[in-house]
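Below is my_file_23.cif, holding mmCIF, C-alpha atoms.
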data_target
loop_
_atom_site.group_PDB
_atom_site.id
_atom_site.type_symbol
_atom_site.label_atom_id
_atom_site.label_comp_id
_atom_site.auth_asym_id
_atom_site.auth_seq_id
_atom_site.Cartn_x
_atom_site.Cartn_y
_atom_site.Cartn_z
ATOM 1 C CA MET A 1 -42.978 2.086 -42.134
ATOM 2 C CA GLU A 2 -40.048 1.461 -39.840
ATOM 3 C CA GLU A 3 -41.290 4.187 -37.494
ATOM 4 C CA GLN A 4 -44.772 2.644 -37.519
ATOM 5 C CA LYS A 5 -43.358 -0.771 -36.658
ATOM 6 C CA ASN A 6 -41.387 0.727 -33.833
ATOM 7 C CA LYS A 7 -44.470 2.409 -32.478
ATOM 8 C CA GLU A 8 -46.347 -0.908 -32.584
ATOM 9 C CA GLU A 9 -43.483 -2.606 -30.842
ATOM 10 C CA LEU A 10 -43.376 0.110 -28.208
ATOM 11 C CA ALA A 11 -47.120 -0.168 -27.678
ATOM 12 C CA GLU A 12 -46.778 -3.954 -27.307
ATOM 13 C CA ASP A 13 -43.906 -3.489 -24.851
ATOM 14 C CA LEU A 14 -45.918 -0.990 -22.846
ATOM 15 C CA LEU A 15 -48.903 -3.334 -22.774
ATOM 16 C CA LYS A 16 -46.690 -6.184 -21.605
ATOM 17 C CA THR A 17 -45.186 -3.984 -18.887
ATOM 18 C CA LEU A 18 -48.663 -2.945 -17.737
ATOM 19 C CA ARG A 19 -49.801 -6.581 -17.699
ATOM 20 C CA ASP A 20 -46.696 -7.507 -15.688
ATOM 21 C CA ILE A 21 -47.351 -4.734 -13.159
ATOM 22 C CA GLU A 22 -50.973 -5.876 -12.861
ATOM 23 C CA SER A 23 -49.905 -9.484 -12.308
ATOM 24 C CA GLU A 24 -47.243 -8.427 -9.808
ATOM 25 C CA THR A 25 -49.793 -6.389 -7.857
ATOM 26 C CA GLU A 26 -52.188 -9.325 -7.899
ATOM 27 C CA VAL A 27 -49.499 -11.694 -6.614
ATOM 28 C CA GLU A 28 -48.483 -9.180 -3.926
ATOM 29 C CA LYS A 29 -52.096 -9.100 -2.742
ATOM 30 C CA MET A 30 -52.250 -12.899 -2.717
ATOM 31 C CA VAL A 31 -49.087 -13.117 -0.632
ATOM 32 C CA LYS A 32 -50.142 -10.478 1.892
ATOM 33 C CA ASP A 33 -52.582 -12.737 3.717
ATOM 34 C CA ASN A 34 -53.629 -16.374 3.945
ATOM 35 C CA LYS A 35 -56.930 -15.403 2.316
ATOM 36 C CA ILE A 36 -57.225 -14.668 -1.402
ATOM 37 C CA GLU A 37 -59.861 -12.199 -2.584
ATOM 38 C CA PHE A 38 -61.096 -11.873 -6.165
ATOM 39 C CA GLU A 39 -63.762 -9.891 -7.924
ATOM 40 C CA MET A 40 -66.260 -10.996 -10.570
ATOM 41 C CA ASP A 41 -69.092 -8.880 -11.958
ATOM 42 C CA ASN A 42 -68.562 -6.348 -9.161
ATOM 43 C CA ILE A 43 -69.014 -8.978 -6.455
ATOM 44 C CA VAL A 44 -66.121 -9.765 -4.119
ATOM 45 C CA PHE A 45 -65.335 -13.387 -3.298
ATOM 46 C CA ARG A 46 -62.578 -14.984 -1.285
ATOM 47 C CA VAL A 47 -61.050 -18.320 -0.424
ATOM 48 C CA ARG A 48 -59.387 -18.842 2.936
ATOM 49 C CA LYS A 49 -57.696 -21.523 5.046
ATOM 50 C CA PRO A 50 -60.212 -23.912 6.660
ATOM 51 C CA THR A 51 -61.003 -23.830 10.365
ATOM 52 C CA TYR A 52 -60.240 -26.839 12.560
ATOM 53 C CA GLU A 53 -63.884 -27.911 12.335
ATOM 54 C CA GLU A 54 -63.876 -27.612 8.544
ATOM 55 C CA GLN A 55 -60.698 -29.646 8.368
ATOM 56 C CA SER A 56 -62.393 -32.448 10.326
ATOM 57 C CA GLU A 57 -65.351 -32.238 7.947
ATOM 58 C CA LEU A 58 -62.966 -32.472 5.015
ATOM 59 C CA GLU A 59 -61.273 -35.536 6.480
ATOM 60 C CA LYS A 60 -64.643 -37.200 6.967
ATOM 61 C CA PHE A 61 -65.559 -36.424 3.344
ATOM 62 C CA ARG A 62 -62.265 -37.874 2.141
ATOM 63 C CA ARG A 63 -62.809 -41.089 4.139
ATOM 64 C CA MET A 64 -66.388 -41.532 2.877
ATOM 65 C CA LYS A 65 -65.403 -40.845 -0.722
ATOM 66 C CA TYR A 66 -62.496 -43.272 -0.499
ATOM 67 C CA LEU A 67 -64.799 -46.012 0.801
ATOM 68 C CA GLU A 68 -67.273 -45.241 -1.981
ATOM 69 C CA TYR A 69 -64.562 -45.551 -4.631
ATOM 70 C CA LEU A 70 -63.230 -48.761 -3.089
ATOM 71 C CA GLN A 71 -66.679 -50.353 -3.314
ATOM 72 C CA ASP A 72 -67.170 -49.177 -6.891
ATOM 73 C CA LYS A 73 -66.008 -52.013 -9.166
ATOM 74 C CA SER A 74 -65.353 -49.656 -12.096
ATOM 75 C CA MET A 75 -62.791 -47.706 -10.060
ATOM 76 C CA MET A 76 -59.149 -48.801 -10.054
ATOM 77 C CA PHE A 77 -55.896 -47.659 -8.465
ATOM 78 C CA ARG A 78 -53.097 -46.125 -10.557
ATOM 79 C CA LYS A 79 -51.125 -49.373 -10.392
ATOM 80 C CA GLN A 80 -54.099 -51.364 -11.728
ATOM 81 C CA TRP A 81 -54.581 -48.892 -14.588
ATOM 82 C CA ALA A 82 -50.888 -49.207 -15.414
ATOM 83 C CA GLU A 83 -51.232 -53.011 -15.608
ATOM 84 C CA LEU A 84 -54.283 -52.685 -17.847
ATOM 85 C CA TYR A 85 -52.465 -50.251 -20.138
ATOM 86 C CA LYS A 86 -49.513 -52.633 -20.315
ATOM 87 C CA GLU A 87 -51.845 -55.316 -21.707
ATOM 88 C CA LYS A 88 -52.812 -52.812 -24.402
ATOM 89 C CA GLY A 89 -49.154 -52.118 -25.198
ATOM 90 C CA ILE A 90 -48.738 -48.839 -23.289
ATOM 91 C CA ASP A 91 -46.022 -48.818 -20.632
ATOM 92 C CA ILE A 92 -46.756 -46.105 -18.049
ATOM 93 C CA ASN A 93 -43.458 -46.756 -16.252
ATOM 94 C CA ASP A 94 -41.705 -45.922 -19.487
ATOM 95 C CA TYR A 95 -42.946 -42.345 -19.088
ATOM 96 C CA ASP A 96 -41.134 -42.053 -15.744
ATOM 97 C CA LYS A 97 -37.970 -43.471 -17.279
ATOM 98 C CA LYS A 98 -38.127 -41.029 -20.218
ATOM 99 C CA MET A 99 -38.739 -38.078 -17.874
ATOM 100 C CA PHE A 100 -35.838 -39.187 -15.664
ATOM 101 C CA ASP A 101 -33.524 -39.405 -18.690
ATOM 102 C CA ILE A 102 -34.562 -35.919 -19.818
ATOM 103 C CA GLN A 103 -33.898 -34.616 -16.305
ATOM 104 C CA GLY A 104 -30.359 -35.979 -16.562
ATOM 105 C CA GLN A 105 -29.844 -34.047 -19.807
ATOM 106 C CA ILE A 106 -31.329 -30.886 -18.233
ATOM 107 C CA ASP A 107 -28.991 -31.228 -15.240
ATOM 108 C CA ASN A 108 -25.927 -31.449 -17.488
ATOM 109 C CA LEU A 109 -26.967 -28.366 -19.455
ATOM 110 C CA MET A 110 -27.732 -26.485 -16.219
ATOM 111 C CA ILE A 111 -24.193 -27.131 -14.966
ATOM 112 C CA ARG A 112 -22.831 -25.753 -18.252
ATOM 113 C CA LEU A 113 -25.175 -22.756 -18.115
ATOM 114 C CA ALA A 114 -24.070 -21.917 -14.583
ATOM 115 C CA GLN A 115 -20.435 -21.753 -15.639
ATOM 116 C CA THR A 116 -20.701 -19.611 -18.752
ATOM 117 C CA SER A 117 -21.135 -15.891 -19.249
ATOM 118 C CA ASN A 118 -20.803 -15.921 -23.045
ATOM 119 C CA GLU A 119 -24.068 -14.399 -24.289
ATOM 120 C CA GLN A 120 -24.359 -16.658 -27.329
ATOM 121 C CA ASP A 121 -23.717 -19.823 -25.309
ATOM 122 C CA VAL A 122 -26.175 -18.662 -22.653
ATOM 123 C CA GLU A 123 -28.935 -18.241 -25.252
ATOM 124 C CA ILE A 124 -28.246 -21.603 -26.900
ATOM 125 C CA LEU A 125 -28.181 -23.435 -23.558
ATOM 126 C CA LYS A 126 -31.349 -21.689 -22.355
ATOM 127 C CA THR A 127 -33.207 -22.631 -25.549
ATOM 128 C CA ASP A 128 -32.065 -26.257 -25.264
ATOM 129 C CA ILE A 129 -33.079 -26.441 -21.597
ATOM 130 C CA MET A 130 -36.504 -24.917 -22.279
ATOM 131 C CA LYS A 131 -37.040 -27.359 -25.137
ATOM 132 C CA LEU A 132 -36.227 -30.325 -22.874
ATOM 133 C CA LYS A 133 -38.383 -28.952 -20.063
ATOM 134 C CA SER A 134 -41.343 -28.613 -22.381
ATOM 135 C CA GLU A 135 -40.747 -32.176 -23.688
ATOM 136 C CA GLN A 136 -40.725 -33.370 -20.079
ATOM 137 C CA ALA A 137 -43.914 -31.440 -19.296
ATOM 138 C CA MET A 138 -45.675 -32.976 -22.311
ATOM 139 C CA LEU A 139 -44.751 -36.467 -21.158
ATOM 140 C CA ASN A 140 -46.044 -35.629 -17.689
ATOM 141 C CA ILE A 141 -49.349 -34.395 -19.113
ATOM 142 C CA GLU A 142 -49.713 -37.576 -21.194
ATOM 143 C CA LYS A 143 -49.007 -39.761 -18.153
ATOM 144 C CA THR A 144 -51.429 -37.757 -15.986
ATOM 145 C CA ASP A 145 -54.110 -38.108 -18.678
ATOM 146 C CA PHE A 146 -53.694 -41.882 -18.770
ATOM 147 C CA LEU A 147 -54.150 -42.111 -15.006
ATOM 148 C CA SER A 148 -56.815 -39.439 -14.576
ATOM 149 C CA TYR A 149 -59.573 -41.993 -13.837
ATOM 150 C CA SER A 150 -57.586 -43.660 -11.053
ATOM 151 C CA ILE A 151 -58.920 -43.719 -7.493
ATOM 152 C CA GLU A 152 -56.017 -41.514 -6.364
ATOM 153 C CA ASP A 153 -56.624 -38.798 -8.977
ATOM 154 C CA GLN A 154 -60.411 -38.859 -8.686
ATOM 155 C CA LEU A 155 -60.198 -38.677 -4.906
ATOM 156 C CA MET A 156 -57.851 -35.700 -5.115
ATOM 157 C CA ILE A 157 -60.278 -33.856 -7.414
ATOM 158 C CA ALA A 158 -63.242 -34.666 -5.152
ATOM 159 C CA VAL A 159 -61.408 -33.534 -1.998
ATOM 160 C CA ASN A 160 -60.192 -30.323 -3.661
ATOM 161 C CA SER A 161 -63.756 -29.600 -4.811
ATOM 162 C CA TYR A 162 -65.097 -30.121 -1.316
ATOM 163 C CA TYR A 163 -62.324 -27.928 0.062
ATOM 164 C CA THR A 164 -63.290 -25.178 -2.408
ATOM 165 C CA TYR A 165 -66.944 -25.465 -1.374
ATOM 166 C CA LEU A 166 -65.964 -25.112 2.316
ATOM 167 C CA VAL A 167 -63.766 -22.035 1.945
ATOM 168 C CA LEU A 168 -65.426 -20.088 -0.878
ATOM 169 C CA GLU A 169 -67.131 -17.012 0.543
ATOM 170 C CA VAL A 170 -68.926 -13.956 -0.801
ATOM 171 C CA GLN A 171 -68.830 -10.468 0.679
ATOM 172 C CA LYS A 172 -72.216 -9.132 1.732
ATOM 173 C CA GLU A 173 -71.892 -5.610 3.090
ATOM 174 C CA ASP A 174 -69.125 -6.003 5.671
ATOM 175 C CA LYS A 175 -69.662 -9.682 6.296
ATOM 176 C CA TRP A 176 -68.359 -12.838 4.640
ATOM 177 C CA GLU A 177 -70.778 -15.675 3.989
ATOM 178 C CA ARG A 178 -70.271 -19.105 2.477
ATOM 179 C CA LEU A 179 -71.384 -18.890 -1.169
ATOM 180 C CA PHE A 180 -73.128 -22.275 -1.190
ATOM 181 C CA ALA A 181 -75.354 -23.538 1.620
ATOM 182 C CA ASN A 182 -74.322 -27.151 1.033
ATOM 183 C CA TYR A 183 -72.149 -29.329 -1.200
ATOM 184 C CA GLU A 184 -75.101 -30.410 -3.349
ATOM 185 C CA ASP A 185 -75.773 -26.764 -4.274
ATOM 186 C CA PHE A 186 -72.079 -26.345 -5.067
ATOM 187 C CA LYS A 187 -72.069 -29.389 -7.365
ATOM 188 C CA LYS A 188 -75.277 -28.392 -9.158
ATOM 189 C CA SER A 189 -74.300 -24.737 -9.482
ATOM 190 C CA ASP A 190 -74.026 -23.087 -12.883
ATOM 191 C CA LYS A 191 -71.531 -20.554 -11.498
ATOM 192 C CA SER A 192 -68.683 -22.455 -13.069
ATOM 193 C CA LYS A 193 -66.650 -19.290 -13.749
ATOM 194 C CA ILE A 194 -66.560 -18.393 -10.044
ATOM 195 C CA ILE A 195 -65.945 -21.994 -8.982
ATOM 196 C CA ASN A 196 -63.082 -22.445 -11.466
ATOM 197 C CA LYS A 197 -61.428 -19.260 -10.285
ATOM 198 C CA ALA A 198 -61.858 -20.288 -6.636
ATOM 199 C CA PHE A 199 -60.481 -23.747 -7.474
ATOM 200 C CA TYR A 200 -57.439 -22.090 -9.070
ATOM 201 C CA PHE A 201 -56.779 -19.891 -6.022
ATOM 202 C CA VAL A 202 -57.286 -22.759 -3.574
ATOM 203 C CA ASN A 203 -54.220 -24.396 -5.167
ATOM 204 C CA TYR A 204 -52.171 -21.456 -3.883
ATOM 205 C CA LEU A 205 -53.532 -21.816 -0.364
ATOM 206 C CA ILE A 206 -52.916 -25.479 0.277
ATOM 207 C CA TYR A 207 -50.217 -27.998 -0.407
ATOM 208 C CA SER A 208 -51.451 -30.809 -2.627
ATOM 209 C CA ILE A 209 -53.636 -33.026 -0.512
ATOM 210 C CA ALA A 210 -51.955 -36.367 0.006
ATOM 211 C CA ILE A 211 -54.098 -39.463 -0.522
ATOM 212 C CA MET B 1 -47.208 -17.067 -10.975
ATOM 213 C CA GLU B 2 -43.782 -18.286 -9.863
ATOM 214 C CA LYS B 3 -42.211 -15.681 -12.177
ATOM 215 C CA TYR B 4 -43.975 -12.808 -10.401
ATOM 216 C CA LEU B 5 -43.396 -14.320 -6.971
ATOM 217 C CA ARG B 6 -39.657 -14.429 -7.650
ATOM 218 C CA LYS B 7 -39.682 -10.914 -9.086
ATOM 219 C CA LEU B 8 -41.226 -9.656 -5.844
ATOM 220 C CA ALA B 9 -38.880 -11.736 -3.680
ATOM 221 C CA LYS B 10 -35.741 -10.330 -5.316
ATOM 222 C CA SER B 11 -37.015 -6.741 -5.290
ATOM 223 C CA ASN B 12 -35.344 -4.160 -3.062
ATOM 224 C CA LYS B 13 -38.638 -3.524 -1.306
ATOM 225 C CA PHE B 14 -39.199 -7.102 -0.157
ATOM 226 C CA GLN B 15 -35.539 -7.838 0.523
ATOM 227 C CA CYS B 16 -35.560 -4.796 2.821
ATOM 228 C CA ILE B 17 -38.813 -5.904 4.516
ATOM 229 C CA PHE B 18 -37.365 -9.411 4.943
ATOM 230 C CA ARG B 19 -34.207 -8.065 6.613
ATOM 231 C CA GLN B 20 -36.274 -5.841 8.934
ATOM 232 C CA ALA B 21 -38.545 -8.780 9.730
ATOM 233 C CA LYS B 22 -35.550 -10.860 10.793
ATOM 234 C CA ASP B 23 -33.759 -8.144 12.756
ATOM 235 C CA TYR B 24 -36.676 -6.355 14.377
ATOM 236 C CA HIS B 25 -39.482 -8.957 14.252
ATOM 237 C CA PHE B 26 -41.224 -6.871 11.637
ATOM 238 C CA LYS B 27 -44.343 -8.478 10.123
ATOM 239 C CA ILE B 28 -44.161 -9.531 6.473
ATOM 240 C CA PHE B 29 -47.721 -10.866 6.246
ATOM 241 C CA ASP B 30 -51.036 -9.837 7.814
ATOM 242 C CA ASN B 31 -51.274 -13.284 9.413
ATOM 243 C CA ASN B 32 -48.607 -14.481 11.810
ATOM 244 C CA GLN B 33 -49.424 -18.167 11.598
ATOM 245 C CA ASP B 34 -51.185 -20.725 9.430
ATOM 246 C CA LEU B 35 -49.295 -19.610 6.347
ATOM 247 C CA SER B 36 -50.707 -20.425 2.932
ATOM 248 C CA LYS B 37 -48.736 -22.403 0.351
ATOM 249 C CA ILE B 38 -47.959 -19.288 -1.682
ATOM 250 C CA GLN B 39 -46.674 -17.529 1.459
ATOM 251 C CA MET B 40 -44.367 -20.466 2.235
ATOM 252 C CA VAL B 41 -43.048 -20.483 -1.340
ATOM 253 C CA PHE B 42 -42.546 -16.704 -1.123
ATOM 254 C CA LEU B 43 -40.563 -17.069 2.120
ATOM 255 C CA HIS B 44 -38.399 -19.684 0.440
ATOM 256 C CA TRP B 45 -37.598 -17.293 -2.439
ATOM 257 C CA LEU B 46 -36.978 -14.361 -0.053
ATOM 258 C CA GLN B 47 -34.366 -16.447 1.764
ATOM 259 C CA THR B 48 -32.890 -17.796 -1.471
ATOM 260 C CA TYR B 49 -32.438 -14.300 -2.931
ATOM 261 C CA GLN B 50 -31.003 -13.012 0.339
ATOM 262 C CA ASN B 51 -28.398 -15.781 0.124
ATOM 263 C CA LEU B 52 -27.762 -14.964 -3.537
ATOM 264 C CA TYR B 53 -27.210 -11.249 -2.825
ATOM 265 C CA HIS B 54 -24.825 -12.293 -0.057
ATOM 266 C CA ASP B 55 -22.939 -14.561 -2.481
ATOM 267 C CA LEU B 56 -22.780 -11.668 -4.922
ATOM 268 C CA ILE B 57 -21.223 -9.366 -2.309
ATOM 269 C CA ILE B 58 -18.560 -11.896 -1.337
ATOM 270 C CA GLY B 59 -17.787 -12.441 -5.033
ATOM 271 C CA GLU B 60 -18.817 -16.078 -5.443
ATOM 272 C CA GLU B 61 -17.619 -17.596 -8.703
ATOM 273 C CA PHE B 62 -20.013 -17.410 -11.697
ATOM 274 C CA LEU B 63 -22.565 -15.205 -9.883
ATOM 275 C CA THR B 64 -23.340 -11.792 -11.370
ATOM 276 C CA GLU B 65 -26.264 -9.369 -11.301
ATOM 277 C CA GLU B 66 -27.229 -10.620 -14.788
ATOM 278 C CA VAL B 67 -27.523 -14.142 -13.400
ATOM 279 C CA ILE B 68 -29.821 -12.981 -10.573
ATOM 280 C CA ALA B 69 -31.966 -11.062 -13.071
ATOM 281 C CA ASP B 70 -32.471 -14.209 -15.156
ATOM 282 C CA ASP B 71 -34.604 -16.927 -13.493
ATOM 283 C CA LEU B 72 -33.216 -19.862 -15.462
ATOM 284 C CA ARG B 73 -29.597 -18.778 -14.965
ATOM 285 C CA THR B 74 -30.313 -18.358 -11.255
ATOM 286 C CA GLU B 75 -31.689 -21.909 -11.128
ATOM 287 C CA ALA B 76 -28.582 -23.127 -12.948
ATOM 288 C CA TYR B 77 -26.316 -21.348 -10.466
ATOM 289 C CA LEU B 78 -28.225 -22.751 -7.472
ATOM 290 C CA PHE B 79 -28.053 -26.247 -8.962
ATOM 291 C CA TYR B 80 -24.328 -25.898 -9.659
ATOM 292 C CA LYS B 81 -23.705 -24.663 -6.115
ATOM 293 C CA GLU B 82 -25.708 -27.521 -4.602
ATOM 294 C CA ARG B 83 -23.862 -30.071 -6.746
ATOM 295 C CA LYS B 84 -20.499 -28.566 -5.727
ATOM 296 C CA LEU B 85 -21.443 -28.721 -2.044
ATOM 297 C CA LYS B 86 -22.585 -32.346 -2.396
ATOM 298 C CA ASP B 87 -19.311 -33.311 -4.079
ATOM 299 C CA LYS B 88 -17.354 -31.526 -1.338
ATOM 300 C CA ASN B 89 -19.301 -33.319 1.401
ATOM 301 C CA LEU B 90 -18.846 -36.641 -0.359
ATOM 302 C CA GLN B 91 -15.089 -36.062 -0.512
ATOM 303 C CA LYS B 92 -14.999 -35.154 3.189
ATOM 304 C CA HIS B 93 -17.004 -38.287 4.011
ATOM 305 C CA THR B 94 -14.642 -40.481 2.007
ATOM 306 C CA VAL B 95 -11.620 -39.034 3.772
ATOM 307 C CA LYS B 96 -13.323 -39.506 7.148
ATOM 308 C CA GLU B 97 -14.127 -43.142 6.406
ATOM 309 C CA ASN B 98 -10.427 -43.920 6.088
ATOM 310 C CA PHE B 99 -9.665 -42.142 9.309
ATOM 311 C CA THR B 100 -10.312 -44.483 12.257
ATOM 312 C CA GLY B 101 -8.603 -42.488 14.960
ATOM 313 C CA ILE B 102 -6.730 -45.615 16.085
ATOM 314 C CA PRO B 103 -2.966 -45.441 15.743
ATOM 315 C CA SER B 104 -1.687 -47.696 13.006
ATOM 316 C CA VAL B 105 0.024 -50.896 14.065
ATOM 317 C CA ILE B 106 3.297 -51.419 12.323
ATOM 318 C CA PHE B 107 4.426 -54.989 12.094
ATOM 319 C CA LYS B 108 8.143 -55.258 12.046
ATOM 320 C CA GLN B 109 10.095 -58.371 11.309
ATOM 321 C CA LYS B 110 12.412 -59.330 14.139
ATOM 322 C CA ARG B 111 16.030 -59.146 13.220
ATOM 323 C CA LYS B 112 17.697 -62.475 13.418
#

Write out the structure in this file as C-alpha cells.
Amino acid sequence: MEEQKNKEELAEDLLKTLRDIESETEVEKMVKDNKIEFEMDNIVFRVRKPTYEEQSELEKFRRMKYLEYLQDKSMMFRKQWAELYKEKGIDINDYDKKMFDIQGQIDNLMIRLAQTSNEQDVEILKTDIMKLKSEQAMLNIEKTDFLSYSIEDQLMIAVNSYYTYLVLEVQKEDKWERLFANYEDFKKSDKSKIINKAFYFVNYLIYSIAI
Amino acid sequence: MEKYLRKLAKSNKFQCIFRQAKDYHFKIFDNNQDLSKIQMVFLHWLQTYQNLYHDLIIGEEFLTEEVIADDLRTEAYLFYKERKLKDKNLQKHTVKENFTGIPSVIFKQKRK
C-alpha cells in the first residue's frame, strides 16, 4: 500500500515537473520576442505590438468611446459609484483602508522573514504572509467588482478589446493576416476561445492602458 | 506566470546571457526595441537576480542560496534591504540637516 502511494506521489511529482517545464518553455517563447504566438486546433495565431498607425486608430477609438460614455446618462465615474454605494451603506474607501492595514501587517512579517533562517519560523511566517495576501486579494476583487460598471473600467475593457482586435493575426501559409476584417466582426464573433486567449496574451504585451 | 519568469531569470542560462549581453552587446531578445511588458518585467528580474547573486558572493547578511531559491523569501530579503537603505539615507539626511557649513558663533561674556 505504502509502495503504491509512493508510486502515485512520484507520478504526481513527475506530472508537476513536466507541467512546469512546459510552462517554462511557453514563458521562454513569450519572452523571446515582442510577438506572442499560440496554437488552437492546429491553427497558429499571434498577437503583436501595434504599429504607429494602429496606435493612432486606438487613440481615436478611446476618445470616441469616452465621449459616448460621457453622454450616456446611465454611465458613472468610479467616484460617483462610490457615493451611490455609500448611500446604500457600502463604503468603498473602507476597502482601501483595510488593504492598506493588511499591507502594514505583511510588511512587518516580511521584515521578520528576511531575518530568520529557522525552518519552522520560515514556514509559519510564509503561511501567515500568504494568508494575508490572499485576504488582500479578495478585498481587491470585491472592490473591483463593485466598480466594474464605472466609466473608467468599462473604457479600459473596450480599449483592450479594440487593441486585441487590431493585433490578433492568423498565419496563412507564410503570411500573417488580421483575423477579423473589422471591429464589428470581432464583436459578433463566436470564436470566444481564441479571443479570450488573445486577450490574455495582450495583457503581457502592453502596460495597463491609462484612462 | 511571474513564477516561471523569475525561474528563468535566476537560471544559469539566462544569467550568463544577461552578462554577455551587457559586456559584449549580445542580444537577449529577437527585437532590439519596442519591448513588450513581459520583456520589461523579465529584464527587471534579470537585473534583480544579478544583484542578488552579487550580494551572495560578497556575503550580505541574511542572504543564502535557499533564500534565492524561494520567491517569497527573496521578496522579504529585497524588502528588508530596501527598508535598511531608506533608514540609512534618512539618518544621513538628518545629520546633514544639522550641518550648515557655517562656523558656529560662540558668544562669550566679557569679563568685567

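With only C-alpha atoms as the basis for measurement, B:Leu5 is the residue among B:Leu5, B:Ala69, B:Leu46, B:Cys16 that approaches chain A most closely.
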
Legend entry - Given the PyMOL selection byres ((chain B) within 12 of (chain A)), the residues it picks as a count of residues only: 53

Inset, instruction - One decimal, Å: what's the distance from atom CA of A:Thr127 over to atom CA of A:Asp94, could you say? - result: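 About the pair atom CA of A:Thr127 and atom CA of A:Asp94: they are 25.5 Å apart.
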
Legend entry - Residues matched by the PyMOL selection byres ((chain A and resi 183) around 12), written as a PyMOL selection string: chain A and resi 57-58+61+158-159+161-168+178-182+184-189

Legend entry - Selection under test: the PyMOL selection byres ((chain A and resi 154) around 12); residues as a PyMOL selection string: chain A and resi 62+65-66+68-70+75-78+144-145+147-153+155-161+211

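The two atoms in question, atom CA of A:Phe199 and atom CA of A:Trp176, are spaced 18.1 Å apart.
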
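Put simply, atom CA of A:Gln80 is 25.2 Å away from atom CA of A:Glu59.
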
Legend entry - Which residue of A:Val44, A:Lys29, A:Asn6, A:Tyr95 approaches A:Val170 most closely, using all atoms listed in the file: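 Result for the nearest residue to A:Val170: A:Val44.
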
N, CA and C atoms restored at stretch 74-91 of chain B, emitted as a CSV table (one decimal), keeping the file's coordinate frame:
chain,number,residue,atom,x,y,z
B,74,THR,N,-30.4,-18.3,-12.7
B,74,THR,CA,-30.3,-18.4,-11.3
B,74,THR,C,-30.5,-19.8,-10.8
B,75,GLU,N,-31.5,-20.5,-11.4
B,75,GLU,CA,-31.7,-21.9,-11.1
B,75,GLU,C,-30.4,-22.7,-11.4
B,76,ALA,N,-29.8,-22.4,-12.6
B,76,ALA,CA,-28.6,-23.1,-12.9
B,76,ALA,C,-27.5,-22.9,-11.9
B,77,TYR,N,-27.3,-21.7,-11.5
B,77,TYR,CA,-26.3,-21.3,-10.5
B,77,TYR,C,-26.6,-22.1,-9.2
B,78,LEU,N,-27.9,-22.1,-8.7
B,78,LEU,CA,-28.2,-22.8,-7.5
B,78,LEU,C,-28.0,-24.3,-7.6
B,79,PHE,N,-28.3,-24.8,-8.7
B,79,PHE,CA,-28.1,-26.2,-9.0
B,79,PHE,C,-26.6,-26.6,-8.9
B,80,TYR,N,-25.8,-25.7,-9.6
B,80,TYR,CA,-24.3,-25.9,-9.7
B,80,TYR,C,-23.7,-25.8,-8.2
B,81,LYS,N,-24.2,-24.9,-7.5
B,81,LYS,CA,-23.7,-24.7,-6.1
B,81,LYS,C,-24.0,-25.9,-5.2
B,82,GLU,N,-25.3,-26.4,-5.4
B,82,GLU,CA,-25.7,-27.5,-4.6
B,82,GLU,C,-24.9,-28.8,-5.0
B,83,ARG,N,-24.7,-28.9,-6.3
B,83,ARG,CA,-23.9,-30.1,-6.7
B,83,ARG,C,-22.4,-30.0,-6.2
B,84,LYS,N,-21.9,-28.8,-6.2
B,84,LYS,CA,-20.5,-28.6,-5.7
B,84,LYS,C,-20.4,-28.9,-4.2
B,85,LEU,N,-21.4,-28.5,-3.5
B,85,LEU,CA,-21.4,-28.7,-2.0
B,85,LEU,C,-21.6,-30.2,-1.8
B,86,LYS,N,-22.4,-30.9,-2.5
B,86,LYS,CA,-22.6,-32.3,-2.4
B,86,LYS,C,-21.3,-33.1,-2.6
B,87,ASP,N,-20.6,-32.7,-3.7
B,87,ASP,CA,-19.3,-33.3,-4.1
B,87,ASP,C,-18.3,-33.1,-3.0
B,88,LYS,N,-18.3,-31.9,-2.4
B,88,LYS,CA,-17.4,-31.5,-1.3
B,88,LYS,C,-17.6,-32.4,-0.1
B,89,ASN,N,-18.9,-32.5,0.2
B,89,ASN,CA,-19.3,-33.3,1.4
B,89,ASN,C,-19.0,-34.8,1.2
B,90,LEU,N,-19.1,-35.3,0.0
B,90,LEU,CA,-18.8,-36.6,-0.4
B,90,LEU,C,-17.4,-36.9,-0.2
B,91,GLN,N,-16.5,-35.9,-0.6
B,91,GLN,CA,-15.1,-36.1,-0.5
B,91,GLN,C,-14.7,-36.1,1.0
